[in-house]
Amino acid sequence: MKILTTVRGLLLLAVFSATAALAAPNGLNGDWNGSAEAIYPNGDCVAGLLFDGTINQEPGSGLFYGNFTYTVPGIGQISGVFTGYVDNGGKVSGLLSVVMGESEPPMAVATVEGKLKGNKLVAVTRDFSDGTTSILTAYRMR
């Protein structure tokens, strides 16, 4: 009887551990590629924005930093850096910044709120420099 109770206890522990492991996000480390669509305050929409970025998550922490490049049709490339936080549920929150000049510090221009699910990131960006709101879908590159 005691052995059966011990086995049940171990099985219960294994089930809880497996569930917790499945719920934990994979983290943000890696190279990410994706696309976005934006809307301007006047209602104009721009589709086909391309995103490339590299994200580094601090070990044992939800804090992350990285760099990105957006390719905007008809305009060209916009590059910058970002910082943020991802919680255990995969909720992502951060700031996008651009460097205006070589000796100047980065200037925050947009907020990012999103959700990480495995190797997929979906995020909304609100850009204070031009008033756009964008939705980005990016995938971790292996």
# chains A, B, ... in the order shown; residues from 1 in each chain; ligands from 1

call {"tool": "residues_around", "arguments": {"residues": "Pro73 of chain A", "least_positions_apart": "3", "cutoff": "12 Å", "atoms": "only C-alpha atoms", "output": "PyMOL selection string"}}
result
chain A and resi 35-38+45-51+70+76-78

call {"tool": "select_by_dssp", "arguments": {"residues": "chain A", "states": "alpha helix (DSSP H)", "output": "list in words"}}
result
Lys2, Ile3, Leu4, Thr5, Thr6, Val7, Arg8, Gly9, Leu10, Leu11, Leu12, Leu13, Ala14, Val15, Phe16, Ser17, Ala18, Thr19, Ala20, Ala21, Leu22 and Ala23 of chain A

call {"tool": "write_last_selection", "arguments": {"atoms": "all heavy atoms", "output": "compact mmCIF listing (two decimals), in the first residue's frame"}}
result
# COMPACT_ATOMS: atom_id res chain seq x y z
N LYS A 2 1.94 1.25 0.82
CA LYS A 2 2.83 2.40 0.90
C LYS A 2 3.55 2.62 -0.43
O LYS A 2 3.72 3.75 -0.86
CB LYS A 2 3.83 2.20 2.04
CG LYS A 2 4.69 3.40 2.30
CD LYS A 2 5.57 3.18 3.51
CE LYS A 2 6.40 4.41 3.75
NZ LYS A 2 7.25 4.30 4.89
N ILE A 3 3.94 1.54 -1.10
CA ILE A 3 4.62 1.65 -2.40
C ILE A 3 3.67 2.25 -3.43
O ILE A 3 4.06 3.13 -4.20
CB ILE A 3 5.14 0.27 -2.86
CG1 ILE A 3 6.25 -0.19 -1.93
CG2 ILE A 3 5.62 0.32 -4.29
CD1 ILE A 3 6.76 -1.57 -2.20
N LEU A 4 2.41 1.82 -3.44
CA LEU A 4 1.42 2.34 -4.38
C LEU A 4 1.20 3.84 -4.15
O LEU A 4 1.12 4.61 -5.10
CB LEU A 4 0.10 1.57 -4.22
CG LEU A 4 -0.98 1.87 -5.25
CD1 LEU A 4 -0.46 1.65 -6.66
CD2 LEU A 4 -2.20 1.01 -5.00
N THR A 5 1.14 4.28 -2.91
CA THR A 5 0.98 5.70 -2.58
C THR A 5 2.19 6.49 -3.06
O THR A 5 2.05 7.58 -3.61
CB THR A 5 0.78 5.90 -1.06
OG1 THR A 5 -0.33 5.10 -0.65
CG2 THR A 5 0.55 7.35 -0.71
N THR A 6 3.39 5.96 -2.88
CA THR A 6 4.61 6.62 -3.32
C THR A 6 4.63 6.74 -4.84
O THR A 6 4.97 7.79 -5.39
CB THR A 6 5.86 5.83 -2.84
OG1 THR A 6 5.80 5.73 -1.42
CG2 THR A 6 7.13 6.53 -3.26
N VAL A 7 4.24 5.67 -5.54
CA VAL A 7 4.20 5.69 -7.01
C VAL A 7 3.20 6.73 -7.50
O VAL A 7 3.49 7.50 -8.41
CB VAL A 7 3.88 4.28 -7.58
CG1 VAL A 7 3.59 4.34 -9.05
CG2 VAL A 7 5.03 3.33 -7.29
N ARG A 8 2.02 6.78 -6.87
CA ARG A 8 1.02 7.79 -7.24
C ARG A 8 1.57 9.20 -7.03
O ARG A 8 1.38 10.08 -7.85
CB ARG A 8 -0.25 7.61 -6.41
CG ARG A 8 -1.12 6.49 -6.85
CD ARG A 8 -2.39 6.48 -6.06
NE ARG A 8 -3.13 5.26 -6.31
CZ ARG A 8 -4.07 4.78 -5.55
NH1 ARG A 8 -4.41 5.42 -4.44
NH2 ARG A 8 -4.70 3.67 -5.86
N GLY A 9 2.26 9.41 -5.91
CA GLY A 9 2.86 10.71 -5.63
C GLY A 9 3.89 11.10 -6.67
O GLY A 9 3.93 12.24 -7.13
N LEU A 10 4.72 10.16 -7.09
CA LEU A 10 5.74 10.42 -8.12
C LEU A 10 5.09 10.71 -9.47
O LEU A 10 5.53 11.59 -10.21
CB LEU A 10 6.71 9.25 -8.22
CG LEU A 10 7.67 9.08 -7.05
CD1 LEU A 10 8.49 7.80 -7.20
CD2 LEU A 10 8.58 10.28 -6.92
N LEU A 11 4.03 9.96 -9.80
CA LEU A 11 3.32 10.21 -11.05
C LEU A 11 2.68 11.59 -11.05
O LEU A 11 2.72 12.30 -12.05
CB LEU A 11 2.26 9.13 -11.29
CG LEU A 11 2.77 7.78 -11.76
CD1 LEU A 11 1.62 6.78 -11.83
CD2 LEU A 11 3.44 7.90 -13.11
N LEU A 12 2.09 11.97 -9.93
CA LEU A 12 1.49 13.30 -9.81
C LEU A 12 2.55 14.39 -9.98
O LEU A 12 2.32 15.37 -10.69
CB LEU A 12 0.82 13.42 -8.43
CG LEU A 12 -0.43 14.28 -8.37
CD1 LEU A 12 -1.51 13.71 -9.27
CD2 LEU A 12 -0.91 14.39 -6.95
N LEU A 13 3.70 14.20 -9.36
CA LEU A 13 4.80 15.15 -9.50
C LEU A 13 5.25 15.25 -10.96
O LEU A 13 5.49 16.33 -11.48
CB LEU A 13 5.97 14.75 -8.60
CG LEU A 13 7.22 15.64 -8.66
CD1 LEU A 13 6.88 17.05 -8.20
CD2 LEU A 13 8.33 15.05 -7.82
N ALA A 14 5.35 14.11 -11.63
CA ALA A 14 5.76 14.09 -13.04
C ALA A 14 4.75 14.83 -13.91
O ALA A 14 5.13 15.60 -14.81
CB ALA A 14 5.93 12.66 -13.52
N VAL A 15 3.47 14.64 -13.66
CA VAL A 15 2.43 15.33 -14.44
C VAL A 15 2.51 16.84 -14.23
O VAL A 15 2.48 17.61 -15.18
CB VAL A 15 1.03 14.79 -14.08
CG1 VAL A 15 -0.06 15.68 -14.65
CG2 VAL A 15 0.87 13.37 -14.59
N PHE A 16 2.65 17.28 -12.97
CA PHE A 16 2.76 18.71 -12.70
C PHE A 16 4.02 19.31 -13.32
O PHE A 16 3.99 20.40 -13.88
CB PHE A 16 2.75 18.99 -11.20
CG PHE A 16 1.39 18.89 -10.58
CD1 PHE A 16 1.19 18.12 -9.45
CD2 PHE A 16 0.30 19.56 -11.12
CE1 PHE A 16 -0.06 18.02 -8.86
CE2 PHE A 16 -0.96 19.46 -10.55
CZ PHE A 16 -1.14 18.69 -9.42
N SER A 17 5.12 18.60 -13.27
CA SER A 17 6.37 19.09 -13.86
C SER A 17 6.24 19.21 -15.37
O SER A 17 6.69 20.19 -15.97
CB SER A 17 7.53 18.15 -13.52
OG SER A 17 7.74 18.12 -12.13
N ALA A 18 5.64 18.23 -16.02
CA ALA A 18 5.47 18.28 -17.48
C ALA A 18 4.56 19.43 -17.87
O ALA A 18 4.82 20.14 -18.84
CB ALA A 18 4.91 16.96 -17.98
N THR A 19 3.50 19.66 -17.11
CA THR A 19 2.59 20.76 -17.40
C THR A 19 3.30 22.10 -17.26
O THR A 19 3.16 22.98 -18.09
CB THR A 19 1.37 20.71 -16.45
OG1 THR A 19 0.76 19.43 -16.59
CG2 THR A 19 0.37 21.79 -16.77
N ALA A 20 4.09 22.26 -16.21
CA ALA A 20 4.83 23.51 -16.01
C ALA A 20 5.84 23.73 -17.12
O ALA A 20 6.02 24.85 -17.60
CB ALA A 20 5.52 23.50 -14.66
N ALA A 21 6.49 22.67 -17.57
CA ALA A 21 7.48 22.81 -18.65
C ALA A 21 6.81 23.22 -19.95
O ALA A 21 7.35 24.02 -20.71
CB ALA A 21 8.23 21.49 -18.83
N LEU A 22 5.62 22.70 -20.21
CA LEU A 22 4.91 23.07 -21.44
C LEU A 22 4.45 24.52 -21.40
O LEU A 22 4.39 25.19 -22.42
CB LEU A 22 3.71 22.14 -21.66
CG LEU A 22 4.03 20.71 -22.05
CD1 LEU A 22 2.76 19.88 -22.08
CD2 LEU A 22 4.74 20.65 -23.38
N ALA A 23 4.11 25.01 -20.22
CA ALA A 23 3.59 26.37 -20.11
C ALA A 23 4.69 27.41 -20.19
O ALA A 23 4.43 28.54 -20.57
CB ALA A 23 2.85 26.52 -18.78

call {"tool": "residues_around", "arguments": {"residues": "Gly62 of chain A", "least_positions_apart": "5", "cutoff": "9 Å", "atoms": "only C-alpha atoms", "output": "VMD selection string"}}
result
chain A and resid 27 to 28 57 84 to 88

call {"tool": "write_last_selection", "arguments": {"atoms": "C-alpha atoms", "output": "short mmCIF file (atom, residue, chain, number, x, y, z; two decimals), in the first residue's frame"}}
result
data_model
loop_
_atom_site.label_atom_id
_atom_site.label_comp_id
_atom_site.auth_asym_id
_atom_site.auth_seq_id
_atom_site.Cartn_x
_atom_site.Cartn_y
_atom_site.Cartn_z
CA GLY A 27 12.51 32.53 -24.44
CA LEU A 28 13.28 35.10 -27.10
CA GLN A 57 17.39 37.39 -23.39
CA GLY A 84 11.89 44.81 -22.99
CA TYR A 85 10.51 42.08 -20.81
CA VAL A 86 8.81 38.73 -21.45
CA ASP A 87 6.93 37.09 -18.57
CA ASN A 88 6.50 33.36 -17.90
#

call {"tool": "residues_around", "arguments": {"residues": "Thr54 of chain A", "least_positions_apart": "3", "cutoff": "8 Å", "atoms": "only C-alpha atoms", "output": "number ranges by chain"}}
result
A: 29-32, 66-68

call {"tool": "atom_distance", "arguments": {"atom1": "atom CA of Leu63 of chain A", "atom2": "atom CA of Phe128 of chain A"}}
result
22.8 Å

call {"tool": "atom_distance", "arguments": {"atom1": "atom CA of Thr137 of chain A", "atom2": "atom CA of Ala108 of chain A"}}
result
21.2 Å

call {"tool": "residues_around", "arguments": {"residues": "segment 110-116 of chain A", "least_positions_apart": "3", "cutoff": "10 Å", "atoms": "only C-alpha atoms", "output": "ChimeraX atom specification"}}
result
/A:25-28,82-98,107,119-139

call {"tool": "write_last_selection", "arguments": {"atoms": "N, CA and C atoms", "output": "short mmCIF file (atom, residue, chain, number, x, y, z; two decimals), in the first residue's frame"}}
result
data_model
loop_
_atom_site.label_atom_id
_atom_site.label_comp_id
_atom_site.auth_asym_id
_atom_site.auth_seq_id
_atom_site.Cartn_x
_atom_site.Cartn_y
_atom_site.Cartn_z
N PRO A 25 7.61 29.72 -21.54
CA PRO A 25 8.00 30.13 -22.88
C PRO A 25 9.41 29.66 -23.21
N ASN A 26 9.67 29.53 -24.50
CA ASN A 26 11.00 29.10 -24.96
C ASN A 26 12.02 30.21 -24.83
N GLY A 27 11.60 31.40 -24.48
CA GLY A 27 12.51 32.53 -24.44
C GLY A 27 12.56 33.20 -25.81
N LEU A 28 13.22 34.32 -25.86
CA LEU A 28 13.28 35.10 -27.10
C LEU A 28 14.62 35.02 -27.82
N PHE A 82 16.14 47.59 -29.39
CA PHE A 82 14.99 47.49 -28.51
C PHE A 82 15.37 46.82 -27.21
N THR A 83 14.55 47.09 -26.19
CA THR A 83 14.68 46.46 -24.88
C THR A 83 13.28 46.10 -24.42
N GLY A 84 13.20 45.16 -23.48
CA GLY A 84 11.89 44.81 -22.99
C GLY A 84 11.91 43.69 -21.99
N TYR A 85 10.71 43.13 -21.79
CA TYR A 85 10.51 42.08 -20.81
C TYR A 85 9.50 41.07 -21.35
N VAL A 86 9.77 39.78 -21.13
CA VAL A 86 8.81 38.73 -21.45
C VAL A 86 8.54 37.96 -20.16
N ASP A 87 7.25 37.80 -19.81
CA ASP A 87 6.93 37.09 -18.57
C ASP A 87 6.81 35.59 -18.83
N ASN A 88 6.58 34.81 -17.78
CA ASN A 88 6.50 33.36 -17.90
C ASN A 88 5.35 32.89 -18.77
N GLY A 89 4.33 33.72 -18.95
CA GLY A 89 3.20 33.37 -19.80
C GLY A 89 3.41 33.73 -21.26
N GLY A 90 4.57 34.36 -21.59
CA GLY A 90 4.87 34.73 -22.97
C GLY A 90 4.43 36.13 -23.36
N LYS A 91 3.93 36.92 -22.39
CA LYS A 91 3.54 38.30 -22.70
C LYS A 91 4.80 39.14 -22.85
N VAL A 92 4.89 39.85 -23.98
CA VAL A 92 6.07 40.66 -24.31
C VAL A 92 5.70 42.13 -24.23
N SER A 93 6.59 42.93 -23.63
CA SER A 93 6.40 44.36 -23.53
C SER A 93 7.76 45.02 -23.73
N GLY A 94 7.82 46.06 -24.57
CA GLY A 94 9.12 46.68 -24.80
C GLY A 94 9.06 48.03 -25.49
N LEU A 95 10.25 48.55 -25.77
CA LEU A 95 10.44 49.83 -26.46
C LEU A 95 11.36 49.64 -27.66
N LEU A 96 10.98 50.25 -28.79
CA LEU A 96 11.86 50.32 -29.95
C LEU A 96 12.53 51.69 -29.93
N SER A 97 13.83 51.73 -30.21
CA SER A 97 14.58 52.98 -30.23
C SER A 97 15.40 53.06 -31.51
N VAL A 98 15.67 54.28 -31.96
CA VAL A 98 16.53 54.50 -33.12
C VAL A 98 17.68 55.41 -32.70
N MET A 107 17.02 56.87 -29.10
CA MET A 107 15.83 57.59 -28.71
C MET A 107 14.62 56.68 -28.91
N ASN A 119 7.98 29.46 -31.23
CA ASN A 119 8.84 30.16 -32.18
C ASN A 119 8.09 31.23 -32.96
N LYS A 120 6.93 31.65 -32.47
CA LYS A 120 6.12 32.67 -33.13
C LYS A 120 5.88 33.83 -32.18
N LEU A 121 6.06 35.04 -32.69
CA LEU A 121 5.83 36.25 -31.92
C LEU A 121 4.84 37.12 -32.69
N VAL A 122 3.74 37.50 -32.05
CA VAL A 122 2.78 38.43 -32.63
C VAL A 122 2.76 39.65 -31.72
N ALA A 123 2.97 40.84 -32.31
CA ALA A 123 3.09 42.05 -31.49
C ALA A 123 2.44 43.24 -32.18
N VAL A 124 1.96 44.17 -31.36
CA VAL A 124 1.44 45.44 -31.84
C VAL A 124 2.45 46.52 -31.47
N THR A 125 2.79 47.36 -32.44
CA THR A 125 3.73 48.45 -32.24
C THR A 125 3.00 49.77 -32.42
N ARG A 126 3.19 50.68 -31.48
CA ARG A 126 2.63 52.02 -31.59
C ARG A 126 3.79 52.99 -31.70
N ASP A 127 3.92 53.59 -32.89
CA ASP A 127 5.08 54.43 -33.22
C ASP A 127 4.75 55.90 -32.99
N PHE A 128 5.47 56.53 -32.04
CA PHE A 128 5.23 57.93 -31.73
C PHE A 128 5.84 58.87 -32.78
N SER A 129 6.77 58.38 -33.60
CA SER A 129 7.42 59.26 -34.58
C SER A 129 6.50 59.59 -35.75
N ASP A 130 5.61 58.68 -36.14
CA ASP A 130 4.72 58.96 -37.27
C ASP A 130 3.25 58.62 -36.98
N GLY A 131 2.95 58.18 -35.76
CA GLY A 131 1.58 57.91 -35.38
C GLY A 131 1.01 56.59 -35.87
N THR A 132 1.85 55.73 -36.45
CA THR A 132 1.34 54.47 -36.97
C THR A 132 1.14 53.44 -35.86
N THR A 133 0.23 52.52 -36.14
CA THR A 133 0.07 51.32 -35.33
C THR A 133 0.29 50.16 -36.29
N SER A 134 1.14 49.23 -35.88
CA SER A 134 1.48 48.09 -36.75
C SER A 134 1.21 46.79 -36.02
N ILE A 135 0.92 45.75 -36.80
CA ILE A 135 0.85 44.41 -36.25
C ILE A 135 1.95 43.60 -36.94
N LEU A 136 2.77 42.95 -36.13
CA LEU A 136 3.92 42.20 -36.61
C LEU A 136 3.74 40.73 -36.27
N THR A 137 4.04 39.88 -37.23
CA THR A 137 4.12 38.44 -36.99
C THR A 137 5.52 38.02 -37.39
N ALA A 138 6.29 37.49 -36.43
CA ALA A 138 7.67 37.08 -36.70
C ALA A 138 7.89 35.66 -36.20
N TYR A 139 8.84 34.99 -36.86
CA TYR A 139 9.18 33.62 -36.51
C TYR A 139 10.67 33.52 -36.23
#

call {"tool": "select_by_dssp", "arguments": {"residues": "chain A", "states": "strand (DSSP E or B)", "output": "MDAnalysis selection string"}}
result
chainID A and resid 30:39 45:57 63:72 76:86 91:98 107:117 120:127 133:141

call {"tool": "atom_distance", "arguments": {"atom1": "atom CA of Phe64 of chain A", "atom2": "atom CA of Met100 of chain A"}}
result
22.0 Å
